[in-house]
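File shown here: start_4.cif, holding mmCIF, C-alpha atoms.
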```
data_model
#
loop_
_atom_site.label_atom_id
_atom_site.label_comp_id
_atom_site.auth_asym_id
_atom_site.auth_seq_id
_atom_site.Cartn_x
_atom_site.Cartn_y
_atom_site.Cartn_z
CA MET D 1 4.25 -33.96 13.39
CA ILE D 2 2.52 -30.67 12.59
CA HIS D 3 4.87 -27.71 12.11
CA TYR D 4 4.13 -23.98 11.93
CA LEU D 5 5.91 -22.13 9.10
CA THR D 6 6.10 -18.44 8.32
CA ARG D 7 5.69 -17.36 4.70
CA GLU D 8 9.45 -17.19 4.22
CA GLN D 9 9.90 -20.79 5.42
CA ILE D 10 7.37 -22.36 3.04
CA ASN D 11 8.61 -24.50 0.15
CA ASP D 12 6.24 -23.28 -2.58
CA GLU D 13 6.84 -26.23 -4.89
CA LYS D 14 6.11 -28.85 -2.24
CA TYR D 15 3.18 -26.84 -0.90
CA ASN D 16 1.47 -26.38 -4.28
CA ASP D 17 2.14 -30.02 -5.21
CA CYS D 18 0.41 -31.11 -2.02
CA LEU D 19 -2.61 -28.97 -2.91
CA SER D 20 -2.78 -30.29 -6.49
CA GLN D 21 -2.70 -33.88 -5.25
CA SER D 22 -5.10 -33.31 -2.37
CA PHE D 23 -8.70 -34.47 -2.18
CA GLN D 24 -9.80 -30.92 -1.34
CA ASP D 25 -7.85 -28.88 -3.93
CA ARG D 26 -9.15 -25.31 -4.31
CA VAL D 27 -7.50 -22.61 -6.40
CA TYR D 28 -7.79 -20.14 -3.49
CA ALA D 29 -5.20 -22.03 -1.42
CA HIS D 30 -2.30 -21.97 -3.88
CA SER D 31 0.66 -19.83 -2.83
CA TRP D 32 0.44 -17.37 -5.72
CA TYR D 33 -3.28 -16.80 -5.02
CA LEU D 34 -2.72 -16.23 -1.30
CA ASP D 35 0.24 -13.93 -2.00
CA CYS D 36 -2.05 -11.76 -4.06
CA VAL D 37 -5.09 -11.36 -1.78
CA CYS D 38 -3.75 -11.81 1.78
CA ASP D 39 -2.10 -9.18 3.93
CA HIS D 40 -0.03 -12.04 5.39
CA TRP D 41 -0.26 -15.82 5.54
CA SER D 42 1.49 -18.64 7.33
CA LEU D 43 1.16 -22.41 7.21
CA LEU D 44 0.60 -25.52 9.28
CA VAL D 45 2.21 -28.53 7.60
CA LEU D 46 2.16 -32.22 8.49
CA ASP D 47 5.47 -34.07 8.04
CA ASP D 48 6.97 -33.37 4.61
CA TYR D 49 3.91 -31.61 3.12
CA ARG D 50 1.55 -34.59 3.52
CA ALA D 51 -1.19 -32.21 4.66
CA VAL D 52 -1.31 -28.40 4.82
CA MET D 53 -3.48 -25.69 6.31
CA PRO D 54 -2.85 -22.09 5.18
CA LEU D 55 -3.50 -19.39 7.78
CA PRO D 56 -4.32 -15.96 6.29
CA TRP D 57 -3.81 -13.26 8.89
CA LYS D 58 -3.71 -9.56 9.46
CA ARG D 59 -3.17 -7.10 12.29
CA LYS D 60 -6.22 -5.58 13.93
CA TYR D 61 -5.73 -3.00 16.68
CA GLY D 62 -2.14 -4.23 16.92
CA LEU D 63 -3.20 -7.87 17.44
CA LYS D 64 -2.70 -10.77 15.03
CA VAL D 65 -5.97 -12.35 13.84
CA ILE D 66 -6.67 -15.13 11.34
CA SER D 67 -9.29 -13.73 9.00
CA GLN D 68 -10.90 -14.79 5.74
CA PRO D 69 -9.67 -12.54 2.89
CA PHE D 70 -11.92 -11.20 0.16
CA PHE D 71 -12.07 -13.31 -3.05
CA ILE D 72 -11.51 -16.58 -1.15
CA GLN D 73 -14.47 -18.75 -0.29
CA GLN D 74 -12.93 -21.93 1.15
CA LEU D 75 -9.60 -22.79 2.76
CA GLY D 76 -9.04 -25.16 5.70
CA LEU D 77 -7.12 -28.44 5.64
CA PHE D 78 -5.80 -30.00 2.42
CA SER D 79 -4.46 -33.55 2.49
CA THR D 80 -3.12 -36.16 0.07
CA THR D 81 -4.75 -38.87 2.23
CA GLN D 82 -8.23 -39.18 3.69
CA ILE D 83 -8.58 -37.22 6.93
CA LYS D 84 -10.73 -37.87 9.97
CA GLU D 85 -12.28 -35.44 12.42
CA GLY D 86 -9.42 -36.03 14.87
CA ASP D 87 -6.82 -35.13 12.24
CA PHE D 88 -8.52 -31.84 11.57
CA LEU D 89 -8.86 -31.01 15.26
CA ASN D 90 -5.12 -31.63 15.70
CA PHE D 91 -4.46 -28.90 13.13
CA ILE D 92 -6.82 -26.52 14.93
CA LYS D 93 -5.00 -27.16 18.23
CA ALA D 94 -1.67 -26.48 16.49
CA ILE D 95 -2.62 -22.91 15.52
CA PRO D 96 -0.29 -20.66 17.56
CA LYS D 97 -1.98 -18.72 20.36
CA LYS D 98 -0.33 -15.53 19.13
CA PHE D 99 -3.36 -15.39 16.82
CA VAL D 100 -5.92 -14.12 19.29
CA LYS D 101 -8.94 -14.72 17.05
CA ILE D 102 -9.79 -17.12 14.23
CA THR D 103 -12.47 -16.52 11.58
CA LEU D 104 -11.83 -18.96 8.75
CA ASN D 105 -13.96 -20.66 6.11
CA CYS D 106 -12.92 -24.29 5.77
CA ASN D 107 -13.60 -26.40 2.69
CA SER D 108 -16.56 -28.71 2.22
CA LEU D 109 -14.48 -31.85 2.87
CA ASN D 110 -13.29 -30.77 6.32
CA VAL D 111 -15.29 -32.32 9.17
CA PHE D 112 -15.29 -31.39 12.84
CA LYS D 113 -17.51 -31.07 15.90
CA LYS D 114 -20.66 -29.00 15.52
CA GLU D 115 -19.81 -26.71 18.42
CA GLU D 116 -16.63 -25.74 16.62
CA HIS D 117 -18.24 -24.32 13.49
CA THR D 118 -21.12 -22.62 11.72
CA THR D 119 -22.43 -24.29 8.58
CA LYS D 120 -22.54 -22.16 5.42
CA VAL D 121 -24.11 -22.97 2.06
CA ASN D 122 -22.57 -23.11 -1.39
CA PHE D 123 -24.17 -24.37 -4.62
CA THR D 124 -22.46 -26.61 -7.16
CA LEU D 125 -23.48 -28.32 -10.39
CA SER D 126 -21.82 -31.36 -11.93
CA LEU D 127 -21.37 -30.80 -15.68
CA SER D 128 -20.57 -34.43 -16.52
CA LYS D 129 -23.90 -34.99 -18.32
CA ASP D 130 -24.72 -33.69 -21.79
CA TYR D 131 -26.20 -30.22 -22.19
CA LYS D 132 -29.67 -31.48 -23.08
CA THR D 133 -29.86 -33.37 -19.78
CA LEU D 134 -28.46 -30.44 -17.79
CA TYR D 135 -30.95 -28.07 -19.42
CA SER D 136 -33.83 -30.41 -18.58
CA ASN D 137 -32.99 -29.87 -14.89
CA TYR D 138 -33.39 -26.09 -15.13
CA SER D 139 -36.50 -24.84 -13.35
CA LYS D 140 -39.46 -23.78 -15.47
CA GLY D 141 -38.79 -20.15 -14.57
CA ARG D 142 -35.11 -20.41 -15.55
CA LYS D 143 -35.98 -21.92 -18.93
CA HIS D 144 -38.45 -19.10 -19.52
CA ALA D 145 -35.84 -16.47 -18.51
CA LEU D 146 -33.26 -18.01 -20.84
CA GLY D 147 -35.73 -18.05 -23.71
CA ALA D 148 -36.60 -14.41 -23.11
CA GLY D 149 -32.93 -13.50 -22.99
CA VAL D 150 -32.13 -15.31 -26.23
CA LYS D 151 -34.92 -13.43 -28.00
CA ASN D 152 -33.10 -10.16 -27.30
CA ASN D 153 -30.39 -11.15 -29.84
CA LEU D 154 -27.58 -10.20 -27.49
CA LYS D 155 -23.92 -10.96 -28.25
CA ILE D 156 -21.64 -12.91 -25.93
CA GLU D 157 -17.98 -11.92 -26.31
CA THR D 158 -14.76 -11.98 -24.32
CA VAL D 159 -14.27 -8.71 -22.49
CA GLU D 160 -11.47 -6.97 -20.62
CA PHE D 161 -11.77 -7.26 -16.86
CA SER D 162 -11.21 -3.51 -16.48
CA GLU D 163 -14.48 -2.92 -18.33
CA LEU D 164 -16.37 -5.23 -15.96
CA LEU D 165 -14.85 -3.54 -12.95
CA MET D 166 -15.87 -0.10 -14.23
CA LEU D 167 -19.40 -1.40 -14.78
CA GLY D 168 -19.54 -2.89 -11.31
CA LYS D 169 -18.33 0.28 -9.61
CA ALA D 170 -20.84 2.36 -11.55
CA TYR D 171 -23.94 0.30 -10.79
CA TYR D 172 -23.28 -1.80 -7.69
CA LYS D 173 -22.55 -0.71 -4.14
CA TYR D 174 -19.66 -2.85 -2.87
CA THR D 175 -20.22 -2.01 0.79
CA GLU D 176 -17.22 -3.92 2.18
CA LEU D 177 -14.69 -3.44 -0.61
CA LYS D 178 -12.26 -0.53 -0.72
CA GLU D 179 -10.08 0.67 -3.60
CA LYS D 180 -7.13 -1.39 -2.36
CA ASP D 181 -9.34 -4.51 -2.60
CA PHE D 182 -10.23 -3.73 -6.21
CA GLN D 183 -6.52 -3.32 -6.94
CA LYS D 184 -5.87 -6.74 -5.43
CA LEU D 185 -8.65 -8.23 -7.53
CA SER D 186 -7.26 -6.70 -10.73
CA LYS D 187 -3.82 -8.08 -9.90
CA LEU D 188 -5.37 -11.49 -9.14
CA ILE D 189 -7.08 -11.58 -12.54
CA ARG D 190 -3.74 -10.89 -14.27
CA ILE D 191 -2.10 -13.74 -12.35
CA LEU D 192 -5.00 -16.13 -12.97
CA LYS D 193 -4.60 -15.56 -16.72
CA ASP D 194 -1.14 -17.10 -16.47
CA LYS D 195 -1.97 -19.87 -13.99
CA CYS D 196 -5.42 -21.10 -15.09
CA GLU D 197 -7.94 -21.06 -17.88
CA LEU D 198 -9.96 -17.88 -17.42
CA GLN D 199 -13.33 -17.18 -19.02
CA ILE D 200 -14.12 -13.45 -18.91
CA LEU D 201 -17.37 -13.04 -20.79
CA GLY D 202 -19.47 -9.97 -21.53
CA VAL D 203 -22.94 -9.61 -23.03
CA TYR D 204 -23.57 -6.75 -25.43
CA ASP D 205 -26.68 -5.11 -26.82
CA GLN D 206 -25.17 -3.66 -29.99
CA GLU D 207 -22.25 -1.64 -28.54
CA GLN D 208 -23.47 -1.41 -24.94
CA LEU D 209 -21.99 -3.76 -22.34
CA LEU D 210 -24.91 -5.04 -20.27
CA GLY D 211 -22.92 -7.22 -17.92
CA GLY D 212 -20.28 -9.85 -17.61
CA SER D 213 -18.72 -12.51 -15.40
CA VAL D 214 -15.35 -14.06 -14.56
CA PHE D 215 -15.09 -17.85 -14.39
CA VAL D 216 -11.90 -19.55 -13.16
CA VAL D 217 -11.21 -23.05 -14.50
CA HIS D 218 -8.89 -24.87 -12.12
CA SER D 219 -8.49 -28.59 -11.48
CA ASN D 220 -12.03 -29.97 -11.81
CA ARG D 221 -13.83 -26.79 -10.71
CA ILE D 222 -15.17 -23.79 -12.59
CA ILE D 223 -15.52 -20.97 -10.08
CA TYR D 224 -17.98 -18.12 -10.59
CA LEU D 225 -15.57 -15.53 -9.17
CA PHE D 226 -16.97 -12.13 -10.13
CA SER D 227 -19.93 -10.57 -11.89
CA ALA D 228 -21.00 -7.03 -12.79
CA MET D 229 -24.29 -5.90 -14.32
CA HIS D 230 -25.89 -2.83 -15.81
CA PRO D 231 -29.52 -2.48 -14.60
CA LYS D 232 -30.63 -3.26 -18.17
CA GLY D 233 -28.61 -6.47 -18.02
CA LYS D 234 -30.68 -7.91 -15.21
CA LYS D 235 -33.90 -7.10 -17.05
CA LYS D 236 -32.59 -8.78 -20.19
CA GLN D 237 -31.54 -11.95 -18.30
CA VAL D 238 -27.78 -11.49 -18.76
CA PRO D 239 -26.82 -13.51 -15.62
CA THR D 240 -28.88 -16.44 -16.91
CA ILE D 241 -27.37 -16.19 -20.39
CA LEU D 242 -23.80 -16.17 -19.05
CA LEU D 243 -24.23 -19.15 -16.71
CA ASP D 244 -26.03 -21.11 -19.42
CA GLN D 245 -23.16 -20.36 -21.81
CA ILE D 246 -20.64 -21.85 -19.36
CA ILE D 247 -22.84 -24.88 -18.68
CA LYS D 248 -23.19 -25.46 -22.42
CA LYS D 249 -19.46 -24.98 -23.13
CA PHE D 250 -18.27 -27.42 -20.45
CA SER D 251 -21.16 -29.92 -20.51
CA GLY D 252 -20.23 -33.57 -20.87
CA GLN D 253 -16.91 -33.00 -19.07
CA GLU D 254 -15.79 -33.86 -15.54
CA PHE D 255 -16.16 -30.34 -14.19
CA ILE D 256 -18.07 -28.95 -11.23
CA LEU D 257 -19.54 -25.48 -11.65
CA ASP D 258 -19.01 -23.72 -8.32
CA PHE D 259 -21.45 -20.84 -7.87
CA GLU D 260 -19.62 -19.52 -4.76
CA GLY D 261 -22.71 -19.20 -2.55
CA SER D 262 -25.07 -18.06 -1.45
CA MET D 263 -26.60 -17.54 2.02
CA ILE D 264 -28.87 -14.85 0.56
CA PRO D 265 -32.23 -16.56 -0.21
CA SER D 266 -32.89 -14.80 -3.54
CA ILE D 267 -29.41 -15.60 -4.90
CA ALA D 268 -29.56 -19.16 -3.56
CA SER D 269 -32.88 -19.63 -5.35
CA PHE D 270 -31.35 -18.32 -8.59
CA PHE D 271 -28.44 -20.78 -8.43
CA LYS D 272 -30.74 -23.65 -7.47
CA SER D 273 -32.88 -22.94 -10.54
CA PHE D 274 -30.03 -24.26 -12.74
CA GLY D 275 -30.32 -27.65 -11.07
CA ALA D 276 -27.47 -26.87 -8.66
CA GLN D 277 -27.14 -28.78 -5.40
CA LYS D 278 -26.33 -27.48 -1.92
CA GLU D 279 -22.76 -27.99 -0.72
CA ALA D 280 -22.10 -27.29 2.96
CA TYR D 281 -18.83 -25.75 4.08
CA PHE D 282 -17.83 -24.49 7.47
CA LEU D 283 -16.93 -21.30 9.27
CA LEU D 284 -14.47 -21.85 12.11
CA LYS D 285 -14.64 -19.19 14.81
CA LYS D 286 -12.51 -19.07 17.95
CA SER D 287 -11.32 -16.33 20.25
CA PHE D 288 -8.44 -16.50 22.72
CA LEU D 289 -8.89 -13.01 24.14
#
```

Spell out the structure here as structure tokens.
Amino acid sequence: MIHYLTREQINDEKYNDCLSQSFQDRVYAHSWYLDCVCDHWSLLVLDDYRAVMPLPWKRKYGLKVISQPFFIQQLGLFSTTQIKEGDFLNFIKAIPKKFVKITLNCNSLNVFKKEEHTTKVNFTLSLSKDYKTLYSNYSKGRKHALGAGVKNNLKIETVEFSELLMLGKAYYKYTELKEKDFQKLSKLIRILKDKCELQILGVYDQEQLLGGSVFVVHSNRIIYLFSAMHPKGKKKQVPTILLDQIIKKFSGQEFILDFEGSMIPSIASFFKSFGAQKEAYFLLKKSFL
């Protein structure tokens, strides 16, 4: 039987164990991650944590709505056994009607009727092959960009996240993010340092920080969580250098590099140029108003 639990009723240990053992495990769904980025969240749970579906929610105009938080790409249903379309639909039906609207990205292993969802596109790259083989699958343009970037004799070093955030705020217009969201992100980075392996890399031209990225290593996925660039960084191929560095570092291991998108054609083309493959995931939208 599927039960609805408030945050206070959730057994964190059983919940996180279910996620870790699930076929669909994503770092975004773990309790400590949701606690950090969600206004509120509740849970649908099957039996004794055999399958779980976190429900992030907030109040909008006094009404409760399930809404995808910033810094989370995929949620949905997580199960320790294989699930069928009917199983997933049962969870959808179990969402309490007190939530008058649902806008939720489900993970790539959730399947349900086409009329129930909109397909979105992510890009991923298996790193199980050696670096030479992975590099051979770069596009001609990406190889050229990497070569040009290497010729600039730039340094790749670990960097403090606060420096990346300052760089991002200075040179990129985050149209949807407010200061409270940046505070949540900074808190999330501190927590991720304790819970996961975190790669925060910056690229320097002498003493100037040209750009950097945050990569989260969790389970078998390396998630490209955040990036910030100086205008000079883009011209000197810093994004290419950083992604190539991660591919090289983790090549020959059973990791998947998760680019976290994108539906924007130019960004999708950039990710694809590393030999990445499309991974569909799904946006569930319902309204009970």

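Distance annotation: of D:Lys249, D:Lys285, D:Lys155, D:His3, the residue with the minimal separation from Lys101 of chain D is D:Lys285; atom set is all atoms listed in the file.
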
Task: Coordinates-based distance that separates atom CA of Gln74 of chain D from atom CA of Asn105 of chain D (Å, one decimal) - done: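 Answer for the atom CA of Asn105 of chain D to atom CA of Gln74 of chain D separation: 5.2 Å.
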
Open item on the list: Set the distance at 8 Å and use only C-alpha atoms: which residues neighbour segment 75-83 of chain D once local chain neighbours fewer than 6 positions away are removed? I'd like the list as JSON, numbers by chain.
Closed with: {"D": [18, 19, 21, 22, 23, 24, 25, 26, 28, 29, 50, 51, 52, 53, 54, 91, 104, 105, 106, 107, 110]}

TODO: Could you tell me how far atom CA of Gln9 of chain D lies from atom CA of Asn90 of chain D, in Å and to one decimal?
DONE: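 Separating atom CA of Gln9 of chain D from atom CA of Asn90 of chain D is a distance of 21.2 Å.
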
Open item on the list: Quick check, in Å to one decimal: how far apart do atom CA of Leu177 of chain D and atom CA of Leu125 of chain D lie?
Closed with: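 Interatomic distance here is 28.1 Å.
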
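Applying the 9 Å criterion to (-25.5, -6.3, -12.8) in file coordinates and using all atoms listed in the file, one obtains the residues Leu167, Gly168, Tyr171, Tyr172, Leu210, Gly211, Gly212, Ser227, Ala228, Met229, His230, Pro231, Lys232, Gly233, Lys234, Val238 and Pro239 of chain D.
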
Task: Residues matched by the PyMOL selection byres ((chain D and resi 36-49) around 9) as a PyMOL selection string - done: chain D and resi 1-10+14-15+17-18+31-35+50-59+66+68-72+79-80+91+94-95+181+184-185+187-188+191

Task: Best match for closeness to Val65 of chain D among D:Phe288, D:Phe271, D:Phe226, D:Phe123, counting all atoms listed in the file - done: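 Result for the nearest residue to Val65 of chain D: D:Phe288.
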
Axis-aligned box over every listed atom of segment 250-266 of chain D, padded by 8 Å per side: centre and edges in Å to one decimal, as lines of an AutoDock Vina configuration file?
```
center_x = -24.3
center_y = -24.3
center_z = -9.4
size_x = 33.1
size_y = 35.1
size_z = 38.9
```

- [ ] For Glu207 of chain D, list every protein, DNA or RNA residue within 12 Å, evaluated using all atoms listed in the file, and leave out those in the same chain fewer than 6 positions away; present the list as a PyMOL selection string.
- [x] chain D and resi 154-157
